[in-house]
Every structure is written in C-alpha cells, then in structure tokens.
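Containing mmCIF, C-alpha atoms: entry.cif.
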data_model
#
loop_
_atom_site.group_PDB
_atom_site.id
_atom_site.type_symbol
_atom_site.label_atom_id
_atom_site.label_comp_id
_atom_site.auth_asym_id
_atom_site.auth_seq_id
_atom_site.Cartn_x
_atom_site.Cartn_y
_atom_site.Cartn_z
ATOM 1 C CA MET A 1 36.653 -57.585 7.054
ATOM 2 C CA ARG A 2 38.638 -55.120 5.002
ATOM 3 C CA LYS A 3 35.422 -53.934 3.270
ATOM 4 C CA LEU A 4 33.716 -53.505 6.639
ATOM 5 C CA LEU A 5 36.586 -51.363 7.908
ATOM 6 C CA LEU A 6 36.464 -49.225 4.747
ATOM 7 C CA VAL A 7 32.698 -48.686 5.121
ATOM 8 C CA LEU A 8 33.008 -47.864 8.825
ATOM 9 C CA GLY A 9 35.863 -45.462 8.086
ATOM 10 C CA PHE A 10 33.789 -43.767 5.389
ATOM 11 C CA VAL A 11 30.722 -43.451 7.668
ATOM 12 C CA PHE A 12 32.815 -42.273 10.614
ATOM 13 C CA GLY A 13 34.649 -39.697 8.470
ATOM 14 C CA ASN A 14 31.422 -38.309 7.015
ATOM 15 C CA THR A 15 29.849 -38.188 10.468
ATOM 16 C CA LEU A 16 32.788 -36.122 11.702
ATOM 17 C CA LEU A 17 32.457 -33.753 8.721
ATOM 18 C CA LEU A 18 28.714 -33.340 9.293
ATOM 19 C CA GLY A 19 29.274 -32.775 13.000
ATOM 20 C CA ALA A 20 31.907 -30.133 12.276
ATOM 21 C CA ALA A 21 29.592 -28.408 9.778
ATOM 22 C CA PHE A 22 26.724 -28.466 12.292
ATOM 23 C CA LEU A 23 28.979 -27.054 15.035
ATOM 24 C CA SER A 24 30.129 -24.285 12.678
ATOM 25 C CA LEU A 25 26.510 -23.342 11.965
ATOM 26 C CA ILE A 26 25.739 -23.176 15.673
ATOM 27 C CA LEU A 27 28.748 -20.937 16.266
ATOM 28 C CA LEU A 28 27.783 -18.719 13.318
ATOM 29 C CA SER A 29 24.191 -18.426 14.548
ATOM 30 C CA GLY A 30 25.392 -17.276 17.928
ATOM 31 C CA SER A 31 27.365 -14.411 16.380
ATOM 32 C CA ARG A 32 24.607 -13.239 14.008
ATOM 33 C CA GLN A 33 24.412 -9.500 13.471
ATOM 34 C CA THR A 34 22.400 -7.341 11.102
ATOM 35 C CA HIS A 35 23.502 -4.613 8.773
ATOM 36 C CA GLY A 36 20.489 -2.588 7.538
ATOM 37 C CA SER A 37 17.919 -5.185 6.553
ATOM 38 C CA THR A 38 20.436 -7.878 5.495
ATOM 39 C CA PRO A 39 21.508 -10.412 8.152
ATOM 40 C CA ILE A 40 25.294 -10.589 8.576
ATOM 41 C CA PHE A 41 27.105 -13.498 10.179
ATOM 42 C CA LYS A 42 30.461 -12.888 11.810
ATOM 43 C CA VAL A 43 32.728 -15.749 10.895
ATOM 44 C CA PRO A 44 34.844 -16.792 13.901
ATOM 45 C CA VAL A 45 38.003 -16.932 11.772
ATOM 46 C CA SER A 46 40.620 -14.236 12.110
ATOM 47 C CA LEU A 47 43.140 -13.731 9.328
ATOM 48 C CA ASP A 48 45.307 -11.750 11.715
ATOM 49 C CA ASN A 49 44.637 -9.291 14.520
ATOM 50 C CA ASN A 50 43.561 -6.486 12.174
ATOM 51 C CA TYR A 51 40.896 -8.233 10.081
ATOM 52 C CA SER A 52 37.597 -9.967 10.663
ATOM 53 C CA SER A 53 35.663 -11.790 7.976
ATOM 54 C CA TYR A 54 31.924 -11.265 7.324
ATOM 55 C CA SER A 55 29.479 -13.046 5.098
ATOM 56 C CA ALA A 56 26.109 -11.606 4.004
ATOM 57 C CA VAL A 57 23.145 -13.917 3.650
ATOM 58 C CA PRO A 58 21.986 -13.784 0.007
ATOM 59 C CA ASP A 59 18.692 -11.998 -0.760
ATOM 60 C CA VAL A 60 15.681 -14.183 -1.382
ATOM 61 C CA LEU A 61 14.069 -13.555 -4.772
ATOM 62 C CA GLY A 62 10.650 -11.949 -4.387
ATOM 63 C CA ALA A 63 11.300 -10.912 -0.784
ATOM 64 C CA PHE A 64 10.831 -7.341 0.397
ATOM 65 C CA THR A 65 12.424 -5.519 3.267
ATOM 66 C CA GLN A 66 10.358 -3.149 5.367
ATOM 67 C CA SER A 67 12.268 -0.198 3.942
ATOM 68 C CA GLN A 68 11.046 -1.176 0.460
ATOM 69 C CA ILE A 69 7.384 -1.122 1.482
ATOM 70 C CA LYS A 70 6.103 2.435 1.466
ATOM 71 C CA ALA A 71 2.844 3.771 2.849
ATOM 72 C CA ASN A 72 1.624 4.852 -0.573
ATOM 73 C CA ASP A 73 1.803 1.250 -1.777
ATOM 74 C CA ALA A 74 -1.162 0.476 0.477
ATOM 75 C CA ARG A 75 -3.413 3.252 -0.839
ATOM 76 C CA PRO A 76 -5.021 1.359 -3.761
ATOM 77 C CA ALA A 77 -5.759 -1.580 -1.461
ATOM 78 C CA LEU A 78 -7.221 0.751 1.177
ATOM 79 C CA VAL A 79 -9.518 2.305 -1.441
ATOM 80 C CA ASP A 80 -10.464 -1.092 -2.901
ATOM 81 C CA ASN A 81 -11.269 -2.439 0.571
ATOM 82 C CA PHE A 82 -13.387 0.646 1.309
ATOM 83 C CA LEU A 83 -15.336 0.317 -1.955
ATOM 84 C CA ALA A 84 -15.836 -3.428 -1.457
ATOM 85 C CA LYS A 85 -16.994 -2.935 2.131
ATOM 86 C CA TYR A 86 -19.778 -0.614 0.944
ATOM 87 C CA HIS A 87 -20.536 -2.671 -2.213
ATOM 88 C CA SER A 88 -19.739 0.167 -4.602
ATOM 89 C CA PRO A 89 -20.477 -0.403 -8.298
ATOM 90 C CA PHE A 90 -17.003 0.949 -9.050
ATOM 91 C CA GLN A 91 -15.116 -1.288 -6.637
ATOM 92 C CA GLY A 92 -11.793 -2.522 -7.964
ATOM 93 C CA LEU A 93 -10.821 0.927 -9.260
ATOM 94 C CA GLY A 94 -8.630 1.780 -6.263
ATOM 95 C CA GLN A 95 -5.470 2.014 -8.343
ATOM 96 C CA PHE A 96 -7.153 4.329 -10.869
ATOM 97 C CA ILE A 97 -8.527 6.534 -8.068
ATOM 98 C CA VAL A 98 -5.077 6.818 -6.454
ATOM 99 C CA ASP A 99 -3.390 7.469 -9.813
ATOM 100 C CA SER A 100 -5.918 10.234 -10.581
ATOM 101 C CA ALA A 101 -5.423 11.742 -7.120
ATOM 102 C CA ASP A 102 -1.651 11.766 -7.623
ATOM 103 C CA LYS A 103 -2.004 13.207 -11.122
ATOM 104 C CA TYR A 104 -4.086 16.125 -9.826
ATOM 105 C CA ARG A 105 -2.334 16.355 -6.442
ATOM 106 C CA ILE A 106 -5.401 15.863 -4.260
ATOM 107 C CA SER A 107 -5.945 13.581 -1.282
ATOM 108 C CA TYR A 108 -6.365 9.983 -2.514
ATOM 109 C CA GLY A 109 -9.306 9.458 -0.150
ATOM 110 C CA LEU A 110 -11.310 12.501 -1.217
ATOM 111 C CA VAL A 111 -13.016 10.993 -4.287
ATOM 112 C CA PRO A 112 -14.255 7.847 -2.493
ATOM 113 C CA ALA A 113 -15.175 9.793 0.662
ATOM 114 C CA ILE A 114 -17.280 12.327 -1.272
ATOM 115 C CA ALA A 115 -18.892 9.483 -3.237
ATOM 116 C CA GLN A 116 -19.864 7.803 0.025
ATOM 117 C CA CYS A 117 -21.467 10.989 1.371
ATOM 118 C CA GLU A 118 -23.204 11.915 -1.886
ATOM 119 C CA SER A 119 -24.416 8.559 -3.241
ATOM 120 C CA ASN A 120 -23.523 5.673 -0.947
ATOM 121 C CA VAL A 121 -20.418 5.174 -3.154
ATOM 122 C CA GLY A 122 -22.341 5.089 -6.412
ATOM 123 C CA LYS A 123 -25.385 3.052 -5.437
ATOM 124 C CA VAL A 124 -27.810 6.006 -5.590
ATOM 125 C CA VAL A 125 -27.056 8.098 -8.700
ATOM 126 C CA PRO A 126 -29.126 9.777 -11.417
ATOM 127 C CA HIS A 127 -30.000 7.181 -14.061
ATOM 128 C CA ASP A 128 -27.206 6.399 -16.527
ATOM 129 C CA SER A 129 -24.963 9.192 -15.195
ATOM 130 C CA PHE A 130 -22.025 7.456 -13.474
ATOM 131 C CA ASN A 131 -22.084 10.540 -11.229
ATOM 132 C CA ALA A 132 -21.572 9.343 -7.659
ATOM 133 C CA TRP A 133 -20.338 12.729 -6.440
ATOM 134 C CA GLY A 134 -23.282 15.057 -7.063
ATOM 135 C CA TYR A 135 -20.745 16.888 -9.213
ATOM 136 C CA GLY A 136 -22.383 19.328 -11.622
ATOM 137 C CA ILE A 137 -25.877 18.361 -10.477
ATOM 138 C CA TYR A 138 -28.175 21.341 -9.911
ATOM 139 C CA GLY A 139 -31.920 20.750 -9.842
ATOM 140 C CA GLN A 140 -32.775 19.019 -13.125
ATOM 141 C CA LYS A 141 -29.307 19.612 -14.606
ATOM 142 C CA VAL A 142 -27.162 16.469 -14.343
ATOM 143 C CA LEU A 143 -23.572 16.178 -15.489
ATOM 144 C CA ARG A 144 -23.292 12.700 -17.032
ATOM 145 C CA PHE A 145 -20.229 10.576 -17.694
ATOM 146 C CA ASN A 146 -19.772 7.615 -20.029
ATOM 147 C CA ASN A 147 -18.219 5.345 -17.390
ATOM 148 C CA TRP A 148 -16.649 5.295 -13.934
ATOM 149 C CA PHE A 149 -13.154 5.976 -15.292
ATOM 150 C CA GLU A 150 -14.264 9.174 -17.020
ATOM 151 C CA ALA A 151 -16.204 10.242 -13.929
ATOM 152 C CA ILE A 152 -13.281 9.677 -11.534
ATOM 153 C CA GLU A 153 -10.873 11.493 -13.853
ATOM 154 C CA ARG A 154 -13.222 14.474 -14.307
ATOM 155 C CA VAL A 155 -14.116 14.805 -10.614
ATOM 156 C CA SER A 156 -10.441 14.553 -9.598
ATOM 157 C CA ARG A 157 -9.480 17.241 -12.117
ATOM 158 C CA GLY A 158 -12.416 19.393 -11.014
ATOM 159 C CA LEU A 159 -11.418 19.137 -7.365
ATOM 160 C CA ARG A 160 -7.933 20.339 -8.304
ATOM 161 C CA GLU A 161 -8.964 23.170 -10.654
ATOM 162 C CA ASP A 162 -12.152 24.406 -8.993
ATOM 163 C CA TYR A 163 -11.234 23.864 -5.352
ATOM 164 C CA TYR A 164 -7.597 23.121 -4.458
ATOM 165 C CA ASP A 165 -6.225 25.740 -6.877
ATOM 166 C CA LYS A 166 -8.491 28.296 -5.218
ATOM 167 C CA GLY A 167 -7.276 27.441 -1.717
ATOM 168 C CA LEU A 168 -10.248 25.194 -0.932
ATOM 169 C CA ASP A 169 -8.242 22.159 0.134
ATOM 170 C CA THR A 170 -10.063 20.768 3.180
ATOM 171 C CA PRO A 171 -13.569 19.323 3.391
ATOM 172 C CA GLU A 172 -14.667 22.358 5.422
ATOM 173 C CA LYS A 173 -13.409 24.788 2.761
ATOM 174 C CA ILE A 174 -14.620 22.640 -0.155
ATOM 175 C CA MET A 175 -18.093 22.424 1.404
ATOM 176 C CA LYS A 176 -18.630 26.207 1.179
ATOM 177 C CA LYS A 177 -18.585 26.009 -2.627
ATOM 178 C CA TYR A 178 -19.505 22.348 -3.257
ATOM 179 C CA THR A 179 -22.639 22.334 -1.122
ATOM 180 C CA PRO A 180 -23.226 25.810 0.335
ATOM 181 C CA PRO A 181 -26.491 24.990 2.155
ATOM 182 C CA SER A 182 -24.750 22.380 4.340
ATOM 183 C CA ASN A 183 -24.640 23.189 8.053
ATOM 184 C CA GLY A 184 -21.288 21.420 8.388
ATOM 185 C CA SER A 185 -22.612 17.869 8.176
ATOM 186 C CA TRP A 186 -21.177 17.349 4.665
ATOM 187 C CA ALA A 187 -17.613 18.154 5.804
ATOM 188 C CA GLU A 188 -18.129 16.011 8.897
ATOM 189 C CA CYS A 189 -19.267 13.124 6.695
ATOM 190 C CA VAL A 190 -16.325 13.472 4.280
ATOM 191 C CA ASN A 191 -13.838 13.745 7.150
ATOM 192 C CA SER A 192 -15.192 10.612 8.818
ATOM 193 C CA TYR A 193 -14.703 8.569 5.636
ATOM 194 C CA LEU A 194 -11.297 10.121 4.992
ATOM 195 C CA GLU A 195 -10.317 8.869 8.442
ATOM 196 C CA GLU A 196 -11.617 5.406 7.604
ATOM 197 C CA LEU A 197 -9.488 5.392 4.442
ATOM 198 C CA GLN A 198 -6.247 6.088 6.367
#

Please express the file's structure as structure tokens.
Amino acid sequence: MRKLLLVLGFVFGNTLLLGAAFLSLILLSGSRQTHGSTPIFKVPVSLDNNYSSYSAVPDVLGAFTQSQIKANDARPALVDNFLAKYHSPFQGLGQFIVDSADKYRISYGLVPAIAQCESNVGKVVPHDSFNAWGYGIYGQKVLRFNNWFEAIERVSRGLREDYYDKGLDTPEKIMKKYTPPSNGSWAECVNSYLEELQ
C-alpha cells in the first residue's frame, strides 16, 4: 500500500507540474507581442511596479526574416526561369547575367530581353558564334565568341560603354544606334520582355 501511495503521489505531483507548465504557456501565448521580426512574449511576472520581464524566442537556424530577403536576390531566379521557359541554350546562367549587369551597371533584364528579340534567346544564331544578340553582326561580318560566358560579358560591357555611357539607356534610345532601321518594334519587343523579367 505504501508503494501505491508513493506512485500515486509521484504521478499526481508530475501531473500538477505539467498542468502548471501548460497553463503558463497558454498565458504566455495570450500576451505574445512582436518586436521587429522576432516574436516577444511578455512574461506575466512583475518584479515590482517599475519593471516587466520579456523573453525573446530564439532564432531558428537557416530561417530568414522578410527584411533579410531583398528584391535583388530574386533576379538570378527570374532570369533562369525566363531562359528555361523559352528553352534557351544558355539557361542556368542567370547568376552570371545578373553579376555582369551589376558589374557594368546596366539593367539585369536587358541582356536576356535583347537575346529574346534578336535570336529567340540563342536558338537562332550564326553558326558557332554564341552571338544571341546580333551584336557586331553586319551583313556577312559576324562577331563570334568562344562561349556563352564570354558573349554575355562582352555584350554587357558593350551596352555600358557604347550605349549607357553615351546616354542611350532605354530600349528606345538604344534602338536608334543598335538597330537604326527599326520602326520602333525592336524597342517594343525589348520592353515587353523586360516587363516579363520583373
């Protein structure tokens, strides 16, 4: 009988402790507040009339707050999705395209948008040229690159030096030098794909 009373006392005592812990959690949940992106719980214990106690929930490893996610983080994925959608032979190079655009301070969507208008994003190019932009192609003269990386780098640099630096920084302005015979359809095409890349 003595053992039974000890076991019942142990179970009853632990049940009371668990109940008290559960009740405390319910009370804490009801007074939940946030501070920035970190949840704060107001503890219903007062040390005296002048102080309140707060406890911050610890950060979860690998978790991101919305303030840590920036719009530019999405740019490589936007470019990769665009290139994959149109089955480009240089799909997967979104990060390199964005890095080149940042390096030369041009719009990150300009290189893929021009490639879409000029060559169906690289599917229709002069043989063995890696030139999806019609860049440096005049009649029989074809500017050739060794690979897509070299082509993207060179076209990005060319857009900066030959266009942006001369005040030609919109598709409409670029068109006047890039493809003078265009009646406006080239700029309209580039703008439509720039919009899609946003």

Distance criterion (only C-alpha atoms): nearest to Arg105 in chain A out of A:Gly158, A:Pro76, A:Pro171, A:Gly122: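 The closest residue to Arg105 in chain A is A:Gly158.
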
Closest of A:Val124, A:Ala187, A:Ile106, A:Leu197 to Val155 in chain A - atom-to-atom distances counting all atoms listed in the file: A:Ile106

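Here CA of Glu161 in chain A stands at a distance of 20.4 Å from CA of Trp186 in chain A.
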
Evaluate the PyMOL selection byres ((chain A and resi 189-194) around 12) on the structure here and hand back the selected residues as a PDB file with C-alpha atoms, keeping the file's coordinate frame.
ATOM      1  CA  ARG A  75      -3.413   3.252  -0.839  1.00  0.00           C
ATOM      2  CA  LEU A  78      -7.221   0.751   1.177  1.00  0.00           C
ATOM      3  CA  VAL A  79      -9.518   2.305  -1.441  1.00  0.00           C
ATOM      4  CA  PHE A  82     -13.387   0.646   1.309  1.00  0.00           C
ATOM      5  CA  LEU A  83     -15.336   0.317  -1.955  1.00  0.00           C
ATOM      6  CA  TYR A  86     -19.778  -0.614   0.944  1.00  0.00           C
ATOM      7  CA  SER A 107      -5.945  13.581  -1.282  1.00  0.00           C
ATOM      8  CA  TYR A 108      -6.365   9.983  -2.514  1.00  0.00           C
ATOM      9  CA  GLY A 109      -9.306   9.458  -0.150  1.00  0.00           C
ATOM     10  CA  LEU A 110     -11.310  12.501  -1.217  1.00  0.00           C
ATOM     11  CA  VAL A 111     -13.016  10.993  -4.287  1.00  0.00           C
ATOM     12  CA  PRO A 112     -14.255   7.847  -2.493  1.00  0.00           C
ATOM     13  CA  ALA A 113     -15.175   9.793   0.662  1.00  0.00           C
ATOM     14  CA  ILE A 114     -17.280  12.327  -1.272  1.00  0.00           C
ATOM     15  CA  ALA A 115     -18.892   9.483  -3.237  1.00  0.00           C
ATOM     16  CA  GLN A 116     -19.864   7.803   0.025  1.00  0.00           C
ATOM     17  CA  CYS A 117     -21.467  10.989   1.371  1.00  0.00           C
ATOM     18  CA  GLU A 118     -23.204  11.915  -1.886  1.00  0.00           C
ATOM     19  CA  ASN A 120     -23.523   5.673  -0.947  1.00  0.00           C
ATOM     20  CA  VAL A 121     -20.418   5.174  -3.154  1.00  0.00           C
ATOM     21  CA  TRP A 133     -20.338  12.729  -6.440  1.00  0.00           C
ATOM     22  CA  THR A 170     -10.063  20.768   3.180  1.00  0.00           C
ATOM     23  CA  PRO A 171     -13.569  19.323   3.391  1.00  0.00           C
ATOM     24  CA  GLU A 172     -14.667  22.358   5.422  1.00  0.00           C
ATOM     25  CA  LYS A 173     -13.409  24.788   2.761  1.00  0.00           C
ATOM     26  CA  ILE A 174     -14.620  22.640  -0.155  1.00  0.00           C
ATOM     27  CA  MET A 175     -18.093  22.424   1.404  1.00  0.00           C
ATOM     28  CA  SER A 182     -24.750  22.380   4.340  1.00  0.00           C
ATOM     29  CA  ASN A 183     -24.640  23.189   8.053  1.00  0.00           C
ATOM     30  CA  GLY A 184     -21.288  21.420   8.388  1.00  0.00           C
ATOM     31  CA  SER A 185     -22.612  17.869   8.176  1.00  0.00           C
ATOM     32  CA  TRP A 186     -21.177  17.349   4.665  1.00  0.00           C
ATOM     33  CA  ALA A 187     -17.613  18.154   5.804  1.00  0.00           C
ATOM     34  CA  GLU A 188     -18.129  16.011   8.897  1.00  0.00           C
ATOM     35  CA  GLU A 195     -10.317   8.869   8.442  1.00  0.00           C
ATOM     36  CA  GLU A 196     -11.617   5.406   7.604  1.00  0.00           C
ATOM     37  CA  LEU A 197      -9.488   5.392   4.442  1.00  0.00           C
ATOM     38  CA  GLN A 198      -6.247   6.088   6.367  1.00  0.00           C
TER      39      GLN A 198
END

Selected residue of minimal separation from Tyr135 in chain A among A:Lys85, A:Lys123, A:Lys166, A:Lys177, counting all atoms listed in the file: A:Lys177

Gap from CA of Gly92 in chain A to CA of Ser156 in chain A - Å, one decimal: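 If I compute the distance from CA of Gly92 in chain A to CA of Ser156 in chain A, I get 17.2 Å.
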
Between CA of Ala84 in chain A and CA of Ala151 in chain A - distance in Å to one decimal: 18.5 Å

Could you write out as AutoDock Vina command-line options the box around range 96-108 of chain A (axis-aligned, all atoms listed in the file, 5 Å on each side), with centre and edge lengths in Å to one decimal?
--center_x -5.1 --center_y 10.3 --center_z -6.2 --size_x 16.9 --size_y 22.0 --size_z 19.8

Residues matched by the PyMOL selection byres ((chain A and resi 129) around 8) as an MDAnalysis selection string: chainID A and resid 125:128 130:131 142:146
